[in-house]
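Here's run.txt, which has compact mmCIF, C-alpha atoms and all ligand atoms:
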```txt
# COMPACT_ATOMS: atom_id res chain seq x y z
CA MET A 1270 35.29 29.69 14.70
CA ASN A 1271 35.34 26.12 15.85
CA ALA A 1272 36.00 27.27 19.39
CA ARG A 1273 32.54 28.76 19.51
CA ARG A 1274 30.83 25.50 18.57
CA PRO A 1275 28.82 23.82 21.33
CA PRO A 1276 30.61 20.77 22.70
CA GLY A 1277 29.83 17.66 20.73
CA ALA A 1278 28.89 19.53 17.53
CA ALA A 1279 30.61 18.19 14.43
CA SER A 1280 33.92 19.96 14.13
CA GLY A 1281 34.68 21.45 10.71
CA ALA A 1282 38.37 21.03 11.47
CA GLY A 1283 37.89 17.32 12.30
CA ARG A 1284 36.07 16.72 9.05
CA SER A 1285 38.77 18.62 7.21
CA VAL A 1286 41.53 16.44 8.59
CA ARG A 1287 39.75 13.35 7.31
CA GLY A 1288 39.07 15.12 4.00
CA ARG A 1289 42.72 16.02 3.62
CA ALA A 1290 43.81 12.48 4.31
CA ARG A 1291 41.58 11.39 1.45
CA ALA A 1292 43.16 13.97 -0.85
CA GLU A 1293 46.59 12.67 0.19
CA ARG A 1294 45.48 9.15 -0.64
CA LEU A 1295 44.29 10.26 -4.08
CA ASP A 1296 47.73 11.77 -4.66
CA ALA A 1297 49.41 8.55 -3.57
CA GLU A 1298 47.30 6.61 -6.08
CA ASP A 1299 47.74 9.15 -8.89
CA ALA A 1300 49.17 7.39 -11.97
CA ILE A 1301 50.63 10.59 -13.43
CA ALA A 1302 51.84 12.20 -10.21
CA ALA A 1303 55.47 12.00 -11.33
CA PHE A 1304 54.90 14.56 -14.11
CA ARG A 1305 54.74 17.28 -11.47
CA ASP A 1306 58.54 17.11 -11.25
CA ALA A 1307 58.84 17.73 -14.98
CA PHE A 1308 57.84 21.36 -14.36
CA VAL A 1309 59.65 24.30 -12.79
CA ARG A 1310 58.13 25.27 -9.46
CA GLY A 1311 59.83 28.45 -8.32
CA ASP A 1312 56.79 29.27 -6.22
CA GLU A 1313 56.59 26.27 -3.91
CA GLU A 1314 54.66 28.13 -1.22
CA ARG A 1315 51.93 29.16 -3.66
CA ILE A 1316 49.15 26.92 -4.97
CA TYR A 1317 49.01 27.61 -8.70
CA LEU A 1318 45.54 27.01 -10.13
CA ASP A 1319 45.79 29.09 -13.27
CA GLY A 1320 47.25 26.59 -15.73
CA ASN A 1321 44.24 27.26 -17.96
CA SER A 1322 45.56 30.79 -18.43
CA LEU A 1323 49.31 30.21 -18.50
CA GLY A 1324 50.69 26.69 -18.08
CA ARG A 1325 53.84 26.11 -16.04
CA LEU A 1326 57.32 26.04 -17.57
CA PRO A 1327 58.47 22.48 -18.39
CA LYS A 1328 62.05 21.84 -17.25
CA ALA A 1329 62.82 20.34 -20.66
CA THR A 1330 61.79 23.61 -22.32
CA ARG A 1331 64.47 25.52 -20.44
CA GLU A 1332 67.11 23.24 -21.88
CA ARG A 1333 65.56 23.21 -25.34
CA LEU A 1334 65.47 27.01 -25.47
CA ARG A 1335 69.01 27.26 -24.16
CA ARG A 1336 70.12 25.11 -27.09
CA ALA A 1337 67.99 27.06 -29.54
CA ILE A 1338 69.48 30.33 -28.33
CA ASP A 1339 73.12 29.37 -27.85
CA GLU A 1340 73.58 26.87 -30.65
CA GLU A 1341 70.92 27.51 -33.29
CA TRP A 1342 70.55 31.30 -33.10
CA GLY A 1343 73.88 32.06 -31.38
CA HIS A 1344 76.10 29.89 -33.54
CA ASP A 1345 74.38 28.54 -36.64
CA LEU A 1346 72.36 31.70 -37.25
CA VAL A 1347 70.53 31.73 -40.58
CA ALA A 1348 71.64 28.18 -41.43
CA SER A 1349 69.19 27.00 -38.76
CA TRP A 1350 66.30 27.70 -41.13
CA GLY A 1351 67.56 24.74 -43.12
CA LYS A 1352 68.02 22.58 -40.01
CA GLY A 1353 64.46 22.32 -38.80
CA TRP A 1354 63.17 25.86 -38.35
CA PHE A 1355 61.41 26.15 -41.69
CA GLU A 1356 59.42 22.93 -41.24
CA ALA A 1357 58.65 23.61 -37.57
CA PRO A 1358 55.07 24.93 -38.04
CA ARG A 1359 54.03 21.71 -39.79
CA ARG A 1360 56.28 19.38 -37.78
CA VAL A 1361 54.83 20.59 -34.47
CA GLY A 1362 51.34 20.43 -35.99
CA ALA A 1363 51.91 16.78 -36.88
CA ARG A 1364 53.08 16.11 -33.31
CA LEU A 1365 49.90 17.70 -31.97
CA ALA A 1366 47.64 15.73 -34.34
CA PRO A 1367 46.94 12.72 -32.08
CA LEU A 1368 45.76 15.06 -29.30
CA ILE A 1369 43.07 16.52 -31.57
CA GLY A 1370 42.09 13.34 -33.42
CA ALA A 1371 43.59 14.49 -36.71
CA LYS A 1372 45.94 13.16 -39.35
CA PRO A 1373 49.42 14.71 -39.15
CA GLU A 1374 49.02 16.74 -42.35
CA GLN A 1375 45.86 18.44 -41.11
CA ALA A 1376 47.38 20.70 -38.42
CA ALA A 1377 50.03 23.41 -38.20
CA PHE A 1378 51.12 26.23 -35.87
CA GLY A 1379 51.40 29.96 -36.44
CA ASP A 1380 49.84 33.29 -35.38
CA SER A 1381 47.49 33.72 -32.43
CA THR A 1382 44.21 31.88 -31.93
CA THR A 1383 42.25 35.01 -32.84
CA VAL A 1384 44.16 35.53 -36.09
CA ASN A 1385 43.81 31.86 -37.03
CA LEU A 1386 40.10 32.05 -36.37
CA PHE A 1387 39.85 35.05 -38.68
CA LYS A 1388 41.78 33.22 -41.40
CA LEU A 1389 39.80 29.99 -41.24
CA ALA A 1390 36.37 31.54 -40.75
CA GLY A 1391 37.04 33.97 -43.59
CA ALA A 1392 38.20 31.18 -45.88
CA ALA A 1393 35.19 29.05 -44.98
CA LEU A 1394 32.68 31.81 -45.52
CA GLN A 1395 34.06 32.59 -48.95
CA ALA A 1396 34.09 28.94 -50.01
CA HIS A 1397 30.82 27.77 -48.52
CA GLY A 1398 28.41 29.99 -50.38
CA ARG A 1399 26.07 30.73 -47.47
CA ARG A 1400 26.30 33.90 -45.40
CA ARG A 1401 25.40 32.99 -41.84
CA ILE A 1402 27.71 32.28 -38.88
CA VAL A 1403 26.28 30.86 -35.65
CA SER A 1404 28.04 31.05 -32.29
CA ASP A 1405 26.96 31.26 -28.66
CA ALA A 1406 27.26 33.75 -25.83
CA MET A 1407 29.54 31.40 -23.90
CA ASN A 1408 32.26 31.81 -26.51
CA PHE A 1409 35.45 33.76 -25.82
CA PRO A 1410 34.79 37.43 -26.65
CA SER A 1411 37.89 37.69 -28.88
CA ASP A 1412 36.41 34.93 -31.06
CA LEU A 1413 33.20 36.91 -31.44
CA TYR A 1414 35.17 40.06 -32.30
CA ALA A 1415 37.08 38.18 -34.99
CA LEU A 1416 33.88 36.65 -36.38
CA SER A 1417 32.21 40.06 -36.50
CA SER A 1418 35.15 41.44 -38.43
CA VAL A 1419 35.04 38.45 -40.80
CA ALA A 1420 31.36 39.14 -41.44
CA ARG A 1421 31.99 42.86 -41.91
CA THR A 1422 35.07 42.70 -44.12
CA LEU A 1423 34.73 39.47 -46.10
CA GLY A 1424 31.22 38.30 -45.74
CA GLY A 1425 29.38 40.11 -48.53
CA GLY A 1426 26.52 40.77 -46.14
CA ALA A 1427 27.30 37.90 -43.79
CA ALA A 1428 25.68 37.95 -40.38
CA LEU A 1429 26.85 36.56 -37.05
CA GLU A 1430 24.18 35.17 -34.76
CA VAL A 1431 25.21 34.77 -31.12
CA VAL A 1432 22.78 32.41 -29.39
CA PRO A 1433 22.23 33.37 -25.72
CA ALA A 1434 23.25 30.94 -22.99
CA ALA A 1435 20.66 29.21 -20.83
CA PRO A 1436 19.61 31.26 -17.76
CA GLY A 1437 22.48 31.36 -15.27
CA GLY A 1438 25.13 31.43 -18.00
CA VAL A 1439 26.65 28.06 -17.08
CA GLU A 1440 25.33 26.02 -20.00
CA PRO A 1441 24.22 26.81 -23.53
CA ASP A 1442 20.57 26.74 -24.50
CA MET A 1443 20.97 23.64 -26.66
CA GLY A 1444 17.45 23.79 -28.07
CA ARG A 1445 17.98 27.31 -29.35
CA LEU A 1446 21.50 26.63 -30.50
CA LEU A 1447 20.57 23.57 -32.55
CA ALA A 1448 17.57 25.39 -33.99
CA ALA A 1449 19.78 28.32 -35.00
CA ILE A 1450 21.91 25.97 -37.10
CA ASP A 1451 19.72 25.98 -40.18
CA GLU A 1452 19.79 25.68 -43.97
CA ASP A 1453 21.20 29.23 -44.29
CA THR A 1454 24.13 28.53 -41.97
CA ALA A 1455 27.60 28.36 -43.44
CA LEU A 1456 29.60 28.02 -40.26
CA VAL A 1457 29.09 27.11 -36.60
CA VAL A 1458 31.87 28.41 -34.32
CA LEU A 1459 31.96 27.31 -30.69
CA SER A 1460 34.46 26.99 -27.86
CA HIS A 1461 34.72 23.28 -27.07
CA VAL A 1462 35.14 24.21 -23.39
CA ALA A 1463 33.66 27.57 -22.37
CA PHE A 1464 36.29 29.86 -20.87
CA LYS A 1465 34.10 31.08 -18.03
CA SER A 1466 31.91 28.18 -16.88
CA GLY A 1467 34.03 25.28 -18.10
CA TYR A 1468 31.04 23.81 -19.95
CA LEU A 1469 32.12 21.09 -22.39
CA HIS A 1470 30.12 21.08 -25.61
CA ASP A 1471 28.71 17.86 -27.03
CA ALA A 1472 30.74 17.95 -30.23
CA GLU A 1473 29.04 14.95 -31.79
CA ARG A 1474 25.60 16.40 -31.30
CA VAL A 1475 26.57 19.79 -32.73
CA GLY A 1476 28.38 18.03 -35.60
CA ALA A 1477 25.33 15.87 -36.39
CA ARG A 1478 23.05 18.90 -36.54
CA ALA A 1479 25.49 20.80 -38.77
CA ARG A 1480 25.82 17.82 -41.11
CA GLU A 1481 22.04 17.57 -41.37
CA VAL A 1482 21.81 21.11 -42.78
CA GLY A 1483 25.12 21.21 -44.65
CA ALA A 1484 26.90 23.67 -42.34
CA TRP A 1485 30.58 23.47 -41.36
CA VAL A 1486 31.77 23.42 -37.73
CA LEU A 1487 34.85 25.27 -36.47
CA TRP A 1488 35.90 24.37 -32.92
CA ASP A 1489 38.01 26.60 -30.70
CA LEU A 1490 39.96 24.07 -28.63
CA SER A 1491 41.90 26.57 -26.50
CA HIS A 1492 40.41 25.40 -23.23
CA SER A 1493 40.23 21.69 -24.05
CA VAL A 1494 43.40 20.78 -25.93
CA GLY A 1495 45.77 18.78 -23.74
CA VAL A 1496 43.14 18.04 -21.13
CA VAL A 1497 40.01 16.68 -22.87
CA PRO A 1498 40.00 13.95 -25.55
CA ILE A 1499 39.35 15.53 -28.95
CA GLU A 1500 38.33 13.65 -32.11
CA LEU A 1501 38.04 16.22 -34.90
CA ASP A 1502 38.04 13.67 -37.72
CA ALA A 1503 35.52 11.42 -36.00
CA TRP A 1504 33.27 14.41 -35.28
CA ASP A 1505 33.46 15.38 -38.93
CA ALA A 1506 34.63 18.86 -37.90
CA ALA A 1507 35.62 21.12 -40.78
CA LEU A 1508 38.02 23.43 -38.98
CA ALA A 1509 39.57 24.10 -35.60
CA VAL A 1510 41.89 26.52 -33.84
CA GLY A 1511 43.42 26.45 -30.39
CA CYS A 1512 46.02 27.97 -28.19
CA SER A 1513 49.24 26.45 -26.88
CA TYR A 1514 50.09 28.37 -23.72
CA LYS A 1515 47.33 26.92 -21.53
CA TYR A 1516 47.27 23.14 -20.96
CA LEU A 1517 49.98 22.58 -23.60
CA ASN A 1518 52.47 24.65 -21.57
CA GLY A 1519 53.99 26.42 -24.59
CA GLY A 1520 54.74 29.67 -22.77
CA PRO A 1521 53.47 33.25 -22.97
CA GLY A 1522 52.51 34.28 -26.48
CA ALA A 1523 53.36 30.90 -27.99
CA PRO A 1524 51.79 30.44 -31.43
CA ALA A 1525 48.37 28.88 -31.80
CA PHE A 1526 47.41 25.99 -34.06
CA PHE A 1527 44.86 25.42 -36.78
CA TYR A 1528 43.26 22.33 -38.28
CA VAL A 1529 41.68 22.09 -41.72
CA ARG A 1530 39.99 18.83 -42.74
CA ALA A 1531 41.94 17.23 -45.58
CA ASP A 1532 39.19 17.42 -48.23
CA LEU A 1533 38.65 21.14 -47.55
CA GLN A 1534 42.30 22.14 -47.80
CA PRO A 1535 42.37 22.51 -51.60
CA ARG A 1536 39.00 24.31 -51.59
CA LEU A 1537 39.88 27.04 -49.10
CA ARG A 1538 41.95 30.19 -49.62
CA SER A 1539 43.15 32.14 -46.61
CA PRO A 1540 42.09 35.78 -46.52
CA VAL A 1541 45.61 36.55 -45.24
CA GLU A 1542 48.06 35.14 -47.76
CA GLY A 1543 51.79 35.51 -47.20
CA TRP A 1544 55.04 33.94 -48.32
CA PHE A 1545 55.08 31.09 -45.78
CA GLY A 1546 51.80 29.94 -47.33
CA ARG A 1547 53.12 30.06 -50.86
CA ARG A 1548 54.16 27.10 -52.92
CA GLY A 1549 57.97 27.41 -52.98
CA PRO A 1550 58.33 30.65 -50.99
CA PHE A 1551 61.98 31.01 -51.92
CA GLY A 1552 61.11 31.35 -55.60
CA PHE A 1553 60.11 34.91 -54.67
CA ASP A 1554 57.52 34.99 -57.42
CA LEU A 1555 55.47 38.15 -57.52
CA GLU A 1556 52.21 36.22 -57.85
CA PHE A 1557 50.81 34.23 -54.96
CA GLU A 1558 50.09 30.60 -55.54
CA PRO A 1559 48.88 28.68 -52.47
CA ALA A 1560 50.98 25.79 -51.21
CA ASP A 1561 49.36 22.39 -51.23
CA GLY A 1562 47.82 21.27 -48.00
CA ILE A 1563 47.79 22.89 -44.59
CA ALA A 1564 50.82 25.09 -45.36
CA ARG A 1565 48.67 27.50 -47.39
CA PHE A 1566 47.25 28.81 -44.10
CA LEU A 1567 50.69 29.90 -42.85
CA VAL A 1568 51.36 33.61 -43.31
CA GLY A 1569 54.75 35.06 -42.33
CA THR A 1570 57.85 34.14 -40.36
CA PRO A 1571 56.81 32.11 -37.31
CA PRO A 1572 58.06 32.86 -33.77
CA ILE A 1573 60.60 30.04 -33.78
CA LEU A 1574 61.70 30.16 -30.14
CA SER A 1575 58.11 29.95 -28.93
CA LEU A 1576 57.32 27.27 -31.45
CA LEU A 1577 60.21 25.11 -30.22
CA ALA A 1578 58.91 25.63 -26.68
CA VAL A 1579 55.50 24.35 -27.79
CA GLU A 1580 57.15 21.31 -29.38
CA THR A 1581 58.90 20.46 -26.14
CA GLY A 1582 55.84 21.21 -23.98
CA LEU A 1583 53.74 18.79 -26.04
CA GLU A 1584 55.95 15.88 -25.07
CA ALA A 1585 54.81 15.71 -21.44
CA VAL A 1586 51.16 15.68 -22.53
CA LEU A 1587 51.77 12.95 -25.11
CA GLU A 1588 53.77 10.88 -22.66
CA ALA A 1589 51.20 11.10 -19.86
CA GLY A 1590 48.46 10.25 -22.37
CA ILE A 1591 45.17 12.07 -22.76
CA GLY A 1592 43.21 9.17 -21.19
CA ARG A 1593 45.08 9.37 -17.90
CA ILE A 1594 45.08 13.17 -18.00
CA ARG A 1595 41.31 13.31 -18.48
CA ALA A 1596 40.69 10.76 -15.71
CA LYS A 1597 42.73 12.83 -13.25
CA SER A 1598 41.13 16.05 -14.47
CA GLU A 1599 37.65 14.67 -13.76
CA ALA A 1600 38.74 13.54 -10.30
CA LEU A 1601 40.34 16.93 -9.51
CA THR A 1602 37.28 18.92 -10.58
CA ALA A 1603 35.02 16.46 -8.72
CA LEU A 1604 37.05 16.99 -5.54
CA LEU A 1605 36.79 20.75 -5.90
CA ILE A 1606 33.01 20.54 -6.33
CA GLU A 1607 32.74 18.19 -3.36
CA ARG A 1608 34.73 20.63 -1.20
CA PHE A 1609 32.58 23.49 -2.52
CA ASP A 1610 29.51 21.64 -1.22
CA ALA A 1611 31.17 20.98 2.12
CA ARG A 1612 32.77 24.35 2.79
CA LEU A 1613 31.61 27.11 0.45
CA ALA A 1614 27.97 26.64 -0.46
CA GLY A 1615 26.91 28.25 2.83
CA LEU A 1616 29.24 31.23 2.39
CA GLY A 1617 27.46 32.94 -0.51
CA PHE A 1618 29.16 31.01 -3.33
CA ARG A 1619 27.38 29.47 -6.31
CA LEU A 1620 28.82 26.75 -8.49
CA GLY A 1621 29.35 28.22 -11.97
CA THR A 1622 30.33 24.92 -13.63
CA PRO A 1623 28.29 21.82 -14.59
CA ARG A 1624 28.18 19.11 -11.92
CA GLU A 1625 28.20 16.29 -14.45
CA ALA A 1626 31.85 15.42 -15.17
CA ALA A 1627 31.12 14.61 -18.81
CA ARG A 1628 29.85 18.16 -19.31
CA ARG A 1629 32.86 20.08 -17.99
CA GLY A 1630 36.51 20.66 -18.86
CA SER A 1631 39.32 21.08 -16.35
CA HIS A 1632 38.45 24.34 -14.66
CA VAL A 1633 35.77 25.15 -12.13
CA SER A 1634 34.17 28.57 -11.63
CA LEU A 1635 32.91 29.63 -8.25
CA ARG A 1636 30.69 32.69 -8.31
CA HIS A 1637 30.22 35.14 -5.47
CA PRO A 1638 28.86 38.70 -5.38
CA ASP A 1639 32.17 39.74 -3.74
CA GLY A 1640 34.18 37.54 -6.11
CA TYR A 1641 36.67 40.20 -7.13
CA ARG A 1642 37.68 41.10 -3.58
CA ILE A 1643 37.72 37.46 -2.51
CA ASN A 1644 39.99 36.63 -5.44
CA ARG A 1645 42.43 39.34 -4.33
CA ALA A 1646 42.39 38.08 -0.75
CA LEU A 1647 42.95 34.55 -2.00
CA LEU A 1648 46.01 35.65 -3.99
CA ALA A 1649 47.40 37.19 -0.80
CA ALA A 1650 46.70 33.88 0.95
CA GLY A 1651 48.96 32.09 -1.54
CA VAL A 1652 46.43 30.62 -3.97
CA VAL A 1653 46.50 31.69 -7.63
CA PRO A 1654 43.20 31.35 -9.48
CA ASP A 1655 41.93 34.12 -11.76
CA PHE A 1656 38.84 36.25 -11.94
CA ARG A 1657 36.37 36.64 -14.77
CA GLU A 1658 33.71 39.35 -14.74
CA PRO A 1659 31.30 39.86 -13.21
CA ASP A 1660 31.65 37.44 -10.31
CA ALA A 1661 33.53 34.25 -11.27
CA ILE A 1662 36.71 32.98 -9.62
CA ARG A 1663 38.19 30.34 -11.94
CA PHE A 1664 40.25 27.42 -10.69
CA GLY A 1665 42.20 25.80 -13.52
CA LEU A 1666 43.28 22.30 -12.48
CA ALA A 1667 46.08 21.27 -14.82
CA PRO A 1668 46.44 17.52 -14.17
CA LEU A 1669 50.14 17.26 -14.99
CA TYR A 1670 51.22 19.32 -12.01
CA THR A 1671 48.21 19.91 -9.74
CA ARG A 1672 47.80 17.67 -6.69
CA PHE A 1673 44.59 16.69 -4.96
CA VAL A 1674 45.91 18.30 -1.74
CA ASP A 1675 46.36 21.55 -3.67
CA VAL A 1676 42.65 21.52 -4.44
CA PHE A 1677 41.78 20.65 -0.86
CA ASP A 1678 44.02 23.34 0.64
CA ALA A 1679 42.87 25.99 -1.84
CA VAL A 1680 39.24 25.50 -0.82
CA GLU A 1681 40.18 25.67 2.88
CA ARG A 1682 42.03 28.94 2.31
CA LEU A 1683 39.12 30.28 0.29
CA ALA A 1684 36.69 29.44 3.09
CA GLU A 1685 39.03 31.11 5.59
CA VAL A 1686 39.30 34.43 3.72
CA VAL A 1687 35.51 34.60 3.57
CA GLU A 1688 34.78 33.37 7.10
CA SER A 1689 37.36 35.71 8.64
CA GLY A 1690 36.20 38.67 6.54
CA ALA A 1691 39.82 39.16 5.35
CA TYR A 1692 38.58 39.95 1.84
CA ARG A 1693 36.86 43.10 3.11
CA ALA A 1694 40.29 44.74 3.36
CA TYR A 1695 40.44 44.81 -0.46
CA ASP A 1696 38.61 47.26 -2.63
CA ASP A 1697 36.58 46.50 -5.68
CA ALA A 1698 38.52 48.68 -8.18
CA ARG A 1699 39.61 46.44 -11.07
CA SER A 1700 43.22 46.20 -12.18
CA ALA A 1701 44.13 45.97 -15.89
CA VAL A 1702 44.80 42.23 -15.84
CA THR A 1703 42.57 39.88 -13.91
C1 LIG B 1801 42.76 31.64 -24.55
C2 LIG B 1801 41.76 31.67 -25.63
C3 LIG B 1801 42.04 32.35 -26.82
C4 LIG B 1801 43.33 33.10 -26.98
O1 LIG B 1801 43.36 33.86 -28.14
P1 LIG B 1801 44.74 34.51 -28.60
O2 LIG B 1801 44.38 35.19 -29.87
O3 LIG B 1801 45.73 33.41 -28.80
O4 LIG B 1801 45.16 35.48 -27.54
C5 LIG B 1801 41.09 32.31 -27.83
N1 LIG B 1801 39.93 31.62 -27.68
C6 LIG B 1801 39.64 30.95 -26.54
C7 LIG B 1801 38.38 30.18 -26.42
C8 LIG B 1801 40.54 30.98 -25.48
O5 LIG B 1801 40.26 30.32 -24.34
```

Can I see the file as C-alpha cells?
Ligand SMILES: *Cc1c(COP(=O)(O)O)cnc(C)c1O
Amino acid sequence: MNARRPPGAASGAGRSVRGRARAERLDAEDAIAAFRDAFVRGDEERIYLDGNSLGRLPKATRERLRRAIDEEWGHDLVASWGKGWFEAPRRVGARLAPLIGAKPEQAAFGDSTTVNLFKLAGAALQAHGRRRIVSDAMNFPSDLYALSSVARTLGGGAALEVVPAAPGGVEPDMGRLLAAIDEDTALVVLSHVAFKSGYLHDAERVGARAREVGAWVLWDLSHSVGVVPIELDAWDAALAVGCSYKYLNGGPGAPAFFYVRADLQPRLRSPVEGWFGRRGPFGFDLEFEPADGIARFLVGTPPILSLLAVETGLEAVLEAGIGRIRAKSEALTALLIERFDARLAGLGFRLGTPREAARRGSHVSLRHPDGYRINRALLAAGVVPDFREPDAIRFGLAPLYTRFVDVFDAVERLAEVVESGAYRAYDDARSAVT
C-alpha cells in the first residue's frame, strides 16, 4: 500500500515505527511488567487479548494443583477435608475481600455467577418486601435470564424492568435508569463493567439513587474484579457476585464469588439451601437451620481443585496491587483507542467503548459491519480477541500479562487484514463458540 503513495506523502509505515518505539518505551517503564513471567505462555507467537473471557494459567497454579492432586487427593484423600478444604470457600472469599472493598467475612466462593445471582436476588426479593427489579440492557444476558426466573418462581408477582441503553448501545441511558429506580424498587442489578462495550458504571451515583428510595443494589463484578478498584462497603452496596476465571485467572469453570453486606446476612435466606450452608452440616439434622454469616449462602460440595486454583490466582493480583493494575489498564486501553484513531477509523470501524478512561473497564470493543469475518481473519493472523454479536470485536487487555507492544501489533495486524481484504476469504456462518 505504501508503495503507491506519492513521494513525500506521510508514510504509514514510518509513523508506525515511531508508534511502536513508544509502545516499547511504555513497556520498559511498566511497573508491573515482571508479572508477565508469572504466567504460562505456551503460545508465544500469538497475541492473547481475551483475558476477559479466560485468564491465562499462572505458573504457581500448576504447582498448587499438582500438590492438590498428588498429595491432598492422591495421598490424604478424605482427610484433606479437615486440612483446609472445608473452609476453602470462606478462606478464599476472605482473601478476595480487599479487591472488592469488603470485610473478610462478607465474601465466599461457590457455584457459578449465574447461580449466585439467582440465590442472592431471590433472597433479597423475599426479604425486601417490594416486588420490582431494575436492570439495564447492557447487562450480561445470563444475568437477565436468572433475574427473570427469580421474578417468575419466587417473586410473588415480581417484575423485572430492563432499561434500554442510550442510542448506540455503548453507554446506559442514565436519566432513564435513575428514574426507573423508584419507591417500588426492591433491587437494582447491574454489571459494574458491561461485557460488550466495557462501560464502567458510576457505582456511587447508582448507590446514592438507590439509597434515596430504599432500594438495594446488587453488582455483578465479573468484568471488573481484579482490574478496576471496587469499594462495595463504601458504595453501600447490598450484594454482589462475580466470576473468577477472567481477570482473576482462576481457570475454566472456576467457582464464582458472592458478597452479602454484614447487616443483611442474618436477614436473608437463600432460595437454594443445602448442607454446606447449614449450621453444623455434619450434625446431619433433618431440618435446615442456616449457618451464621456468609456461609448460609453456600449450597453443596464446592469444586475444590478449581477453588484452590482461584486462591493461587488471586495472589498475583494482590501482589501487583489494584492501583498499579488499574493505571496500566487505563494506559493499555488508551493506547488501543489511540491506535484505533490512527489506523482503523478510516477502515469502517467504530469505537464501541467510552473514550473517557474513568468510564471504561479493561476491554475495548471495535465494531465493524464485517466484524465476524474480520475476527476470524485476525485469529488466523495470530491475534486472539473474541466476537460479540452483532458486530463487536472485543480486545481484553489483562494488565498482568499484556504488553503495550501487543496492543500496538494487534492493531497493525487488524488494519492489515482489512486493508488487504484477507477477511473476505472467511464466511459469515457463526460457529457455536465465539
Ligand atoms: C462472565 C460473566 C458471567 C459468567 O456467568 P457464569 O454463570 O459464571 O457462567 C456472568 N455475568 C457477567 C456480567 C459476566 O461477564

Exercise for the section: Kindly give the distance, in Å, that separates atom CA of A:Trp1544 and atom CA of A:Lys1388, rounded to a single decimal. Expected result: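 For atom CA of A:Trp1544 relative to atom CA of A:Lys1388, the distance reads 15.0 Å.
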
Exercise for the section: List all protein, DNA and RNA residues that have any atom at most 7 Å from ligand LIG 1801 (chain B), counting only C-alpha atoms and all ligand atoms, and write the list as a ChimeraX atom specification. Expected result: /A:1322,1381-1384,1408-1409,1411-1412,1460,1463-1464,1489-1492,1511-1512,1525

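Take the candidates A:Asp1319, A:Asp1453, A:Asp1471, A:Glu1500 and check each one against A:Gly1483 using all atoms listed in the file; the shortest distance goes to A:Asp1453.
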
Practice task
Record the distance separating atom CA of A:Gln1375 and atom CA of A:Phe1566, expressed in Å with one decimal.
Solution key: 10.9 Å

Practice task
Could you give me, as a VMD selection string, the residues within 10 Å of A:Ala1297, counting all atoms listed in the file and dropping anything in the same chain fewer than 4 positions from it?
Solution key: chain A and resid 1291 to 1293 1302 1672 to 1673

Practice task
Could you tell me how far atom CA of A:Ala1484 lies from atom CA of A:Asp1532, in Å and to one decimal?
Solution key: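 Atom CA of A:Ala1484 sits 15.0 Å away from atom CA of A:Asp1532.
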
Problem - Distance query 8 Å from (54.0, 34.3, -29.3) using only C-alpha atoms, result as a PyMOL selection string - result: chain A and resi 1380-1381+1521-1524+1572+1575

Applying 10 Å and all atoms listed in the file, which residues near A:Gly1590 remain after dropping the ones on its own chain fewer than 4 positions away? List them as a short mmCIF file (atom, residue, chain, number, x, y, z; two decimals) with C-alpha atoms, in the coordinates of the input.
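Produced file around-v9.cif, reproduced below:
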```cif
data_model
loop_
_atom_site.label_atom_id
_atom_site.label_comp_id
_atom_site.auth_asym_id
_atom_site.auth_seq_id
_atom_site.Cartn_x
_atom_site.Cartn_y
_atom_site.Cartn_z
CA ILE A 1301 50.63 10.59 -13.43
CA LEU A 1368 45.76 15.06 -29.30
CA GLY A 1495 45.77 18.78 -23.74
CA VAL A 1496 43.14 18.04 -21.13
CA PRO A 1498 40.00 13.95 -25.55
CA GLU A 1584 55.95 15.88 -25.07
CA ALA A 1585 54.81 15.71 -21.44
CA VAL A 1586 51.16 15.68 -22.53
CA ILE A 1594 45.08 13.17 -18.00
CA ARG A 1595 41.31 13.31 -18.48
#
```

Problem - Residues near A:Arg1565, cut-off 10 Å, all atoms listed in the file, skip fewer than 4 positions along chain, as a PyMOL selection string - result: chain A and resi 1534-1535+1537-1539+1541-1548+1558-1561

Exercise for the section: Identify, on the basis of all atoms listed in the file, every residue whose closest approach to stretch 1342-1356 of chain A does not exceed 12 Å; exclude the query and any residue fewer than 5 positions from it along the same chain; express the result as a ChimeraX atom specification. Expected result: /A:1334-1337,1361-1363,1377-1379,1545-1546,1549-1551,1564,1567,1569-1577,1580

Exercise for the section: Could you give me, as a list in words, the residues within 8 Å of A:Leu1666, counting only C-alpha atoms and dropping anything in the same chain fewer than 5 positions from it? Expected result: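 Neighbouring residues, sequence-local ones excluded: Leu1318, Asp1319, Gly1320, Asn1321, Ser1598, Leu1601, Thr1602, Ser1631, His1632 and Thr1671 of chain A.
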
Exercise for the section: Would you mind telling me which residue in A:Glu1599, A:Glu1332, A:Asp1660, A:Asp1296 lies nearest to A:Gly1438 when using only C-alpha atoms? Expected result: A:Asp1660
